[in-house]
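So this block is run-v3.pdb, PDB, C-alpha atoms:
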```
ATOM      1  CA  MET A 880       0.215   5.750  15.141
ATOM      2  CA  ASP A 881      -1.889   8.892  15.218
ATOM      3  CA  ASP A 882      -3.095   9.938  11.786
ATOM      4  CA  VAL A 883      -1.542  13.398  11.917
ATOM      5  CA  CYS A 884       1.830  14.822  10.956
ATOM      6  CA  PRO A 885       3.159  17.098  13.752
ATOM      7  CA  HIS A 886       4.450  19.597  11.189
ATOM      8  CA  ARG A 887       1.248  20.940   9.583
ATOM      9  CA  LEU A 888      -1.273  18.400  10.902
ATOM     10  CA  ALA A 889      -1.736  16.691   7.540
ATOM     11  CA  PRO A 890      -3.221  13.147   7.748
ATOM     12  CA  LEU A 891      -0.434  10.581   7.461
ATOM     13  CA  SER A 892      -2.938   8.149   5.968
ATOM     14  CA  GLU A 893      -2.740  10.292   2.817
ATOM     15  CA  GLY A 894       1.020   9.739   2.646
ATOM     16  CA  ARG A 895       3.057   6.793   1.378
ATOM     17  CA  ILE A 896       5.024   3.937   2.913
ATOM     18  CA  ASP A 897       8.621   3.715   1.762
ATOM     19  CA  ARG A 898       9.383  -0.004   1.956
ATOM     20  CA  ASP A 899      13.104   0.527   1.394
ATOM     21  CA  LYS A 900      13.437   2.846   4.399
ATOM     22  CA  ASN A 901      10.582   1.248   6.385
ATOM     23  CA  VAL A 902       9.048   4.658   7.069
ATOM     24  CA  ILE A 903       5.806   6.498   6.382
ATOM     25  CA  GLN A 904       6.261   9.716   4.436
ATOM     26  CA  CYS A 905       3.867  12.650   4.829
ATOM     27  CA  SER A 906       2.295  13.681   1.534
ATOM     28  CA  TYR A 907       2.498  17.393   2.379
ATOM     29  CA  HIS A 908       6.190  18.141   3.032
ATOM     30  CA  GLY A 909       7.760  14.688   2.996
ATOM     31  CA  TRP A 910       8.573  14.336   6.679
ATOM     32  CA  GLU A 911       9.330  10.687   7.444
ATOM     33  CA  PHE A 912       8.511   8.641  10.539
ATOM     34  CA  GLY A 913       9.553   5.201  11.757
ATOM     35  CA  SER A 914       7.167   2.618  13.192
ATOM     36  CA  ASP A 915       7.782   3.997  16.696
ATOM     37  CA  GLY A 916       6.644   7.487  15.583
ATOM     38  CA  THR A 917      10.115   9.037  15.652
ATOM     39  CA  CYS A 918      10.816  11.533  12.884
ATOM     40  CA  SER A 919      13.794  10.391  10.790
ATOM     41  CA  CYS A 920      13.875  12.909   7.954
ATOM     42  CA  ILE A 921      12.932  16.570   7.382
ATOM     43  CA  PRO A 922      13.845  17.353   3.761
ATOM     44  CA  GLN A 923      13.548  21.156   4.116
ATOM     45  CA  VAL A 924      16.369  21.622   6.656
ATOM     46  CA  THR A 925      20.095  21.019   6.818
ATOM     47  CA  SER A 926      21.469  17.920   8.505
ATOM     48  CA  ASP A 927      22.569  19.767  11.644
ATOM     49  CA  VAL A 928      19.146  21.402  12.080
ATOM     50  CA  GLN A 929      17.429  18.077  11.409
ATOM     51  CA  GLU A 930      19.533  16.341  14.052
ATOM     52  CA  LYS A 931      18.303  18.815  16.664
ATOM     53  CA  ALA A 932      14.703  18.850  15.429
ATOM     54  CA  ILE A 933      14.137  15.081  15.488
ATOM     55  CA  LYS A 934      15.236  14.980  19.126
ATOM     56  CA  ASN A 935      12.366  17.299  20.012
ATOM     57  CA  THR A 936       9.314  15.309  21.122
ATOM     58  CA  GLN A 937       7.080  17.756  19.257
ATOM     59  CA  SER A 938       8.412  16.300  16.009
ATOM     60  CA  GLN A 939       7.243  12.802  16.940
ATOM     61  CA  VAL A 940       3.965  10.988  16.254
ATOM     62  CA  TYR A 941       2.364   8.984  19.055
ATOM     63  CA  SER A 942       2.512   5.305  18.179
ATOM     64  CA  TYR A 943       0.638   2.335  19.642
ATOM     65  CA  PRO A 944       1.550  -1.316  20.260
ATOM     66  CA  THR A 945       0.201  -3.571  17.511
ATOM     67  CA  ALA A 946      -0.002  -7.272  16.724
ATOM     68  CA  VAL A 947      -1.327  -9.428  13.895
ATOM     69  CA  GLU A 948      -3.441 -12.434  14.887
ATOM     70  CA  ARG A 949      -5.435 -14.539  12.415
ATOM     71  CA  ASN A 950      -4.672 -11.945   9.713
ATOM     72  CA  VAL A 951      -6.390  -9.226  11.772
ATOM     73  CA  LEU A 952      -4.442  -6.158  12.915
ATOM     74  CA  TRP A 953      -4.879  -5.480  16.640
ATOM     75  CA  VAL A 954      -4.049  -2.152  18.310
ATOM     76  CA  TRP A 955      -3.612  -1.269  21.980
ATOM     77  CA  PRO A 956      -4.959   2.353  22.041
ATOM     78  CA  TRP A 957      -4.935   2.969  25.791
ATOM     79  CA  LEU A 958      -2.331   4.885  27.752
ATOM     80  CA  GLU A 959      -1.869   2.030  30.201
ATOM     81  CA  ASP A 960       0.997  -0.306  29.408
ATOM     82  CA  PRO A 961      -0.290  -3.517  27.766
ATOM     83  CA  LEU A 962       1.817  -5.478  30.230
ATOM     84  CA  THR A 963      -0.781  -4.615  32.890
ATOM     85  CA  VAL A 964      -2.931  -7.408  31.443
ATOM     86  CA  ALA A 965      -0.078  -9.677  30.364
ATOM     87  CA  GLY A 966      -1.068 -12.379  32.836
ATOM     88  CA  ASP A 967      -4.588 -12.782  31.426
ATOM     89  CA  GLU A 968      -4.367 -14.709  28.151
ATOM     90  CA  SER A 969      -8.072 -14.331  27.440
ATOM     91  CA  VAL A 970      -7.740 -10.590  26.775
ATOM     92  CA  HIS A 971      -4.853 -10.993  24.349
ATOM     93  CA  PRO A 972      -5.573 -11.356  20.620
ATOM     94  CA  GLU A 973      -4.285 -14.932  20.869
ATOM     95  CA  GLY A 974      -6.762 -15.658  23.648
ATOM     96  CA  ILE A 975      -9.739 -13.988  21.989
ATOM     97  CA  MET A 976      -9.100 -15.906  18.748
ATOM     98  CA  LYS A 977      -8.104 -19.186  20.413
ATOM     99  CA  ASP A 978      -9.304 -22.384  18.675
ATOM    100  CA  LEU A 979     -10.534 -20.500  15.624
ATOM    101  CA  PRO A 980      -9.271 -21.552  12.177
ATOM    102  CA  THR A 981      -6.078 -19.905  10.998
ATOM    103  CA  SER A 982      -7.376 -19.293   7.471
ATOM    104  CA  PHE A 983     -10.256 -16.847   7.030
ATOM    105  CA  ALA A 984     -12.115 -14.991   4.356
ATOM    106  CA  THR A 985     -13.016 -11.569   5.815
ATOM    107  CA  TYR A 986     -15.633  -8.894   5.246
ATOM    108  CA  THR A 987     -15.477  -5.517   7.014
ATOM    109  CA  ARG A 988     -18.280  -2.997   7.312
ATOM    110  CA  ASP A 989     -18.999   0.104   9.400
ATOM    111  CA  VAL A 990     -22.579   0.117  10.695
ATOM    112  CA  PRO A 991     -24.649   3.038  12.078
ATOM    113  CA  TYR A 992     -25.418   1.584  15.483
ATOM    114  CA  GLY A 993     -23.592   1.052  18.747
ATOM    115  CA  TRP A 994     -21.452  -1.869  19.852
ATOM    116  CA  ASP A 995     -24.134  -3.194  22.224
ATOM    117  CA  SER A 996     -26.760  -3.334  19.474
ATOM    118  CA  LEU A 997     -24.286  -5.025  17.143
ATOM    119  CA  VAL A 998     -23.441  -7.756  19.659
ATOM    120  CA  GLU A 999     -27.116  -8.318  20.504
ATOM    121  CA  ASN A1000     -27.916  -8.636  16.802
ATOM    122  CA  LEU A1001     -25.239 -11.254  16.223
ATOM    123  CA  ILE A1002     -26.331 -13.471  19.121
ATOM    124  CA  ASP A1003     -29.954 -13.352  17.924
ATOM    125  CA  PRO A1004     -30.347 -16.042  15.202
ATOM    126  CA  ALA A1005     -34.127 -15.521  15.177
ATOM    127  CA  HIS A1006     -33.760 -12.442  12.965
ATOM    128  CA  VAL A1007     -31.957 -14.283  10.140
ATOM    129  CA  PRO A1008     -35.018 -15.641   8.209
ATOM    130  CA  PHE A1009     -36.497 -12.131   7.948
ATOM    131  CA  ALA A1010     -33.636  -9.602   7.999
ATOM    132  CA  HIS A1011     -31.498 -11.762   5.673
ATOM    133  CA  HIS A1012     -34.257 -13.280   3.533
ATOM    134  CA  GLY A1013     -32.816 -14.555   0.284
ATOM    135  CA  MET A1014     -29.207 -14.198   1.452
ATOM    136  CA  GLN A1015     -28.666 -16.311   4.579
ATOM    137  CA  GLY A1016     -32.135 -17.762   4.947
ATOM    138  CA  LYS A1017     -35.752 -17.389   3.961
ATOM    139  CA  ARG A1018     -38.867 -16.355   5.865
ATOM    140  CA  THR A1019     -40.272 -19.896   5.926
ATOM    141  CA  ASP A1020     -37.209 -20.983   7.956
ATOM    142  CA  ALA A1021     -38.614 -19.311  11.075
ATOM    143  CA  ILE A1022     -39.129 -21.831  13.891
ATOM    144  CA  PRO A1023     -39.031 -21.703  17.703
ATOM    145  CA  ILE A1024     -35.347 -21.591  18.671
ATOM    146  CA  ASN A1025     -34.164 -23.355  21.793
ATOM    147  CA  MET A1026     -31.103 -21.677  23.322
ATOM    148  CA  THR A1027     -29.549 -23.158  26.464
ATOM    149  CA  MET A1028     -26.707 -21.543  28.388
ATOM    150  CA  VAL A1029     -23.602 -23.687  28.785
ATOM    151  CA  GLY A1030     -21.453 -23.080  31.843
ATOM    152  CA  GLU A1031     -21.220 -19.805  33.751
ATOM    153  CA  THR A1032     -21.769 -16.300  32.466
ATOM    154  CA  THR A1033     -18.868 -14.072  33.522
ATOM    155  CA  GLU A1034     -17.365 -10.714  32.579
ATOM    156  CA  LYS A1035     -15.257 -12.645  30.058
ATOM    157  CA  GLY A1036     -18.318 -13.890  28.182
ATOM    158  CA  PHE A1037     -20.641 -16.863  27.831
ATOM    159  CA  GLN A1038     -21.667 -19.638  25.465
ATOM    160  CA  PHE A1039     -24.898 -21.386  24.582
ATOM    161  CA  GLU A1040     -26.253 -24.345  22.661
ATOM    162  CA  TYR A1041     -28.814 -23.584  19.991
ATOM    163  CA  ALA A1042     -30.749 -25.124  17.119
ATOM    164  CA  ASP A1043     -32.339 -23.157  14.280
ATOM    165  CA  ARG A1044     -33.130 -23.498  10.584
ATOM    166  CA  THR A1045     -31.690 -21.664   7.599
ATOM    167  CA  MET A1046     -32.148 -22.210   3.861
ATOM    168  CA  GLY A1047     -34.441 -25.109   4.721
ATOM    169  CA  MET A1048     -31.780 -26.922   6.778
ATOM    170  CA  THR A1049     -31.720 -27.403  10.541
ATOM    171  CA  ARG A1050     -28.417 -26.657  12.242
ATOM    172  CA  ARG A1051     -27.240 -27.265  15.788
ATOM    173  CA  GLY A1052     -24.197 -26.038  17.604
ATOM    174  CA  ILE A1053     -22.540 -23.624  19.988
ATOM    175  CA  GLY A1054     -22.740 -19.848  20.058
ATOM    176  CA  GLN A1055     -20.155 -17.938  22.038
ATOM    177  CA  PHE A1056     -19.360 -14.394  23.124
ATOM    178  CA  ARG A1057     -15.785 -13.647  24.175
ATOM    179  CA  ALA A1058     -15.809 -10.201  25.718
ATOM    180  CA  PRO A1059     -15.467  -7.626  24.522
ATOM    181  CA  TYR A1060     -15.143  -8.278  20.778
ATOM    182  CA  LEU A1061     -15.831 -11.776  19.480
ATOM    183  CA  VAL A1062     -19.117 -13.489  18.623
ATOM    184  CA  ASN A1063     -18.567 -17.000  17.314
ATOM    185  CA  TYR A1064     -20.776 -19.784  15.950
ATOM    186  CA  ASN A1065     -19.659 -23.386  15.492
ATOM    187  CA  ALA A1066     -22.469 -25.609  14.262
ATOM    188  CA  THR A1067     -23.374 -28.522  12.005
ATOM    189  CA  PHE A1068     -26.262 -28.830   9.576
ATOM    190  CA  ASP A1069     -28.530 -31.867   9.854
ATOM    191  CA  THR A1070     -27.494 -33.115   6.417
ATOM    192  CA  PRO A1071     -26.167 -36.550   5.358
ATOM    193  CA  ASP A1072     -22.637 -35.131   5.137
ATOM    194  CA  ALA A1073     -22.981 -33.192   8.431
ATOM    195  CA  ARG A1074     -22.046 -29.959   6.687
ATOM    196  CA  PRO A1075     -20.179 -27.630   9.087
ATOM    197  CA  PHE A1076     -21.060 -24.007   9.768
ATOM    198  CA  LEU A1077     -18.508 -21.648  11.294
ATOM    199  CA  LEU A1078     -19.003 -17.906  11.543
ATOM    200  CA  SER A1079     -17.070 -15.414  13.641
ATOM    201  CA  ALA A1080     -17.413 -11.660  13.962
ATOM    202  CA  LEU A1081     -15.310  -9.044  15.714
ATOM    203  CA  CYS A1082     -17.396  -6.132  17.023
ATOM    204  CA  ILE A1083     -15.497  -2.876  17.497
ATOM    205  CA  PRO A1084     -16.968   0.432  18.728
ATOM    206  CA  THR A1085     -15.599   3.273  16.594
ATOM    207  CA  GLN A1086     -17.532   6.348  17.727
ATOM    208  CA  PRO A1087     -20.827   7.063  19.514
ATOM    209  CA  GLY A1088     -23.593   5.304  17.605
ATOM    210  CA  TRP A1089     -21.216   3.552  15.192
ATOM    211  CA  SER A1090     -19.419   0.206  15.130
ATOM    212  CA  ARG A1091     -17.197  -1.793  12.821
ATOM    213  CA  VAL A1092     -17.840  -5.476  12.244
ATOM    214  CA  ILE A1093     -15.191  -7.790  10.805
ATOM    215  CA  VAL A1094     -16.911 -10.977   9.685
ATOM    216  CA  LEU A1095     -14.642 -14.017   9.401
ATOM    217  CA  THR A1096     -15.769 -17.140   7.585
ATOM    218  CA  LYS A1097     -13.852 -20.398   7.492
ATOM    219  CA  ARG A1098     -12.133 -21.348   4.283
ATOM    220  CA  SER A1099     -13.225 -24.728   2.933
ATOM    221  CA  ASP A1100      -9.816 -26.370   3.373
ATOM    222  CA  GLU A1101      -9.782 -26.194   7.185
ATOM    223  CA  LYS A1102     -11.994 -28.049   9.644
ATOM    224  CA  PRO A1103     -13.510 -26.161  12.599
ATOM    225  CA  LYS A1104     -12.549 -27.003  16.162
ATOM    226  CA  THR A1105     -15.044 -27.651  18.920
ATOM    227  CA  LEU A1106     -15.733 -24.726  21.260
ATOM    228  CA  LEU A1107     -17.943 -26.516  23.786
ATOM    229  CA  ALA A1108     -16.506 -26.165  27.278
ATOM    230  CA  LYS A1109     -15.717 -29.434  29.019
TER     231      LYS A1109
END
```
Conversion result in structure tokens:
Amino acid sequence: MDDVCPHRLAPLSEGRIDRDKNVIQCSYHGWEFGSDGTCSCIPQVTSDVQEKAIKNTQSQVYSYPTAVERNVLWVWPWLEDPLTVAGDESVHPEGIMKDLPTSFATYTRDVPYGWDSLVENLIDPAHVPFAHHGMQGKRTDAIPINMTMVGETTEKGFQFEYADRTMGMTRRGIGQFRAPYLVNYNATFDTPDARPFLLSALCIPTQPGWSRVIVLTKRSDEKPKTLLAK
């Protein structure tokens, strides 16, 4: 829902969630709202006045459809009804996250550059030995990287085969972009135990010149699934 109480415009994010009532309570005057944004309690007025007031749309907070998929909260912020895209599974959270492991460790960070730069950065493994020296690779890992497109490139995304080197180990696999949010890597290191590498990132524009990245890494107890199109 919108982060503003309709009473005195206080941010509801500064309030508290009452688990017993299943409402969010404004920290300023204690107005309470249900998950649909309807006001359910105004402590400063009598019951008869409250009954009339909560029927007024000006006492309500605009709420948005939400869903939880792979432990990530998804929000539909547009005015159009989400059912307008109900027939296209690929644009649903379930479709965007399809075939990814169900158990993730996550890391979230806001970055001072736009969504397009963020996506381009994540599908550019050549920067890793230098920009992430000592963390995800080292400068001596730099080698020519062969990247070959797999299948068609459409408005829904694309995927490619690639081979690079990180931390002294060569890895080969599939990189994928599922428009408009997900960049995903599913690869294997050239080691005797064929060590897997799985990295996914959700790229979300937040405001002009800023983005939020949610990095999801596979937990060790779950094997990755192949993403290569047949």
For this structure, which residues satisfy the selection - the PyMOL selection byres ((chain A and resi 1019) around 12) - when it is evaluated on the file as given? I want them as a short mmCIF file (atom, residue, chain, number, x, y, z; two decimals) with C-alpha atoms, in the coordinates of the input.
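That gives us out24.cif:
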```
data_model
loop_
_atom_site.label_atom_id
_atom_site.label_comp_id
_atom_site.auth_asym_id
_atom_site.auth_seq_id
_atom_site.Cartn_x
_atom_site.Cartn_y
_atom_site.Cartn_z
CA ALA A 1005 -34.13 -15.52 15.18
CA VAL A 1007 -31.96 -14.28 10.14
CA PRO A 1008 -35.02 -15.64 8.21
CA PHE A 1009 -36.50 -12.13 7.95
CA HIS A 1011 -31.50 -11.76 5.67
CA HIS A 1012 -34.26 -13.28 3.53
CA GLY A 1013 -32.82 -14.56 0.28
CA GLY A 1016 -32.14 -17.76 4.95
CA LYS A 1017 -35.75 -17.39 3.96
CA ARG A 1018 -38.87 -16.36 5.86
CA ASP A 1020 -37.21 -20.98 7.96
CA ALA A 1021 -38.61 -19.31 11.08
CA ILE A 1022 -39.13 -21.83 13.89
CA PRO A 1023 -39.03 -21.70 17.70
CA ASP A 1043 -32.34 -23.16 14.28
CA ARG A 1044 -33.13 -23.50 10.58
CA THR A 1045 -31.69 -21.66 7.60
CA MET A 1046 -32.15 -22.21 3.86
CA GLY A 1047 -34.44 -25.11 4.72
CA MET A 1048 -31.78 -26.92 6.78
#
```
Determine the residue membership of the PyMOL selection byres ((chain A and resi 1081) around 9) for the file above and supply it as a PDB file with C-alpha atoms, in the coordinates of the input.
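Output below, filename part_39.pdb:
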```pdb
ATOM      1  CA  PRO A1059     -15.467  -7.626  24.522  1.00  0.00           C
ATOM      2  CA  TYR A1060     -15.143  -8.278  20.778  1.00  0.00           C
ATOM      3  CA  LEU A1061     -15.831 -11.776  19.480  1.00  0.00           C
ATOM      4  CA  VAL A1062     -19.117 -13.489  18.623  1.00  0.00           C
ATOM      5  CA  ASN A1063     -18.567 -17.000  17.314  1.00  0.00           C
ATOM      6  CA  SER A1079     -17.070 -15.414  13.641  1.00  0.00           C
ATOM      7  CA  ALA A1080     -17.413 -11.660  13.962  1.00  0.00           C
ATOM      8  CA  CYS A1082     -17.396  -6.132  17.023  1.00  0.00           C
ATOM      9  CA  ILE A1083     -15.497  -2.876  17.497  1.00  0.00           C
ATOM     10  CA  ARG A1091     -17.197  -1.793  12.821  1.00  0.00           C
ATOM     11  CA  VAL A1092     -17.840  -5.476  12.244  1.00  0.00           C
ATOM     12  CA  ILE A1093     -15.191  -7.790  10.805  1.00  0.00           C
ATOM     13  CA  VAL A1094     -16.911 -10.977   9.685  1.00  0.00           C
ATOM     14  CA  LEU A1095     -14.642 -14.017   9.401  1.00  0.00           C
TER      15      LEU A1095
END
```
Task: Matched chain/residue IDs from the PyMOL selection byres ((chain A and resi 987-994) around 6), as a PyMOL selection string - done: chain A and resi 986+995-997+1084+1088-1093
- [ ] Tell me, in Å to one decimal, how far atom CA of Gln1038 of chain A is from atom CA of Asp1003 of chain A.
- [x] 12.8 Å
Task: For atom CA of Pro1075 of chain A and atom CA of Glu968 of chain A, the interatomic separation in Å (one decimal) - done: 27.9 Å
Task: Shell of 12 Å around Asn935 of chain A, all atoms listed in the file, local chain residues under 5 positions omitted, as a list in words - done: Pro885, Thr917, Cys918, Ser919, Val928, Gln929, Glu930 and Val940 of chain A
- [ ] Would you work out the distance separating atom CA of Thr1033 of chain A from atom CA of Pro972 of chain A, expressed in Å to one decimal?
- [x]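 Distance reported for this atom pair: 18.7 Å.
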Open item on the list: Which residue is closest to Phe983 of chain A? Choose from A:Arg1074, A:His908, A:Lys1097, A:Arg887 and count all atoms listed in the file.
Closed with: A:Lys1097
TODO: Write out as a ChimeraX atom specification which residues come within 9 Å of Glu911 of chain A when counting only C-alpha atoms, dropping same-chain ones fewer than 2 positions away.
DONE: /A:902-905,909,913,917-922
TODO: Using all atoms listed in the file, find the one residue out of A:Ser906, A:Gln939, A:Thr985, A:Gln1055 that sits nearest to Lys1035 of chain A.
DONE: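 Distance minimum relative to Lys1035 of chain A lands on A:Gln1055.
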Open item on the list: Using all atoms listed in the file, can you tell me which of A:Val951, A:Met880, A:Ile1053, A:Ile933 comes closest to Thr981 of chain A?
Closed with: A:Val951
Task: Nearest candidate to Val954 of chain A (options A:Ser942, A:Ser892, A:Thr1049, A:Ser969; using all atoms listed in the file) - done: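 Of the candidates, the smallest distance to Val954 of chain A is held by A:Ser942.
Remark: for Val947 of chain A, the closest of the candidate residues A:Phe1076, A:Thr925, A:Leu1001, A:His971 is A:His971 (distances computed over only C-alpha atoms).
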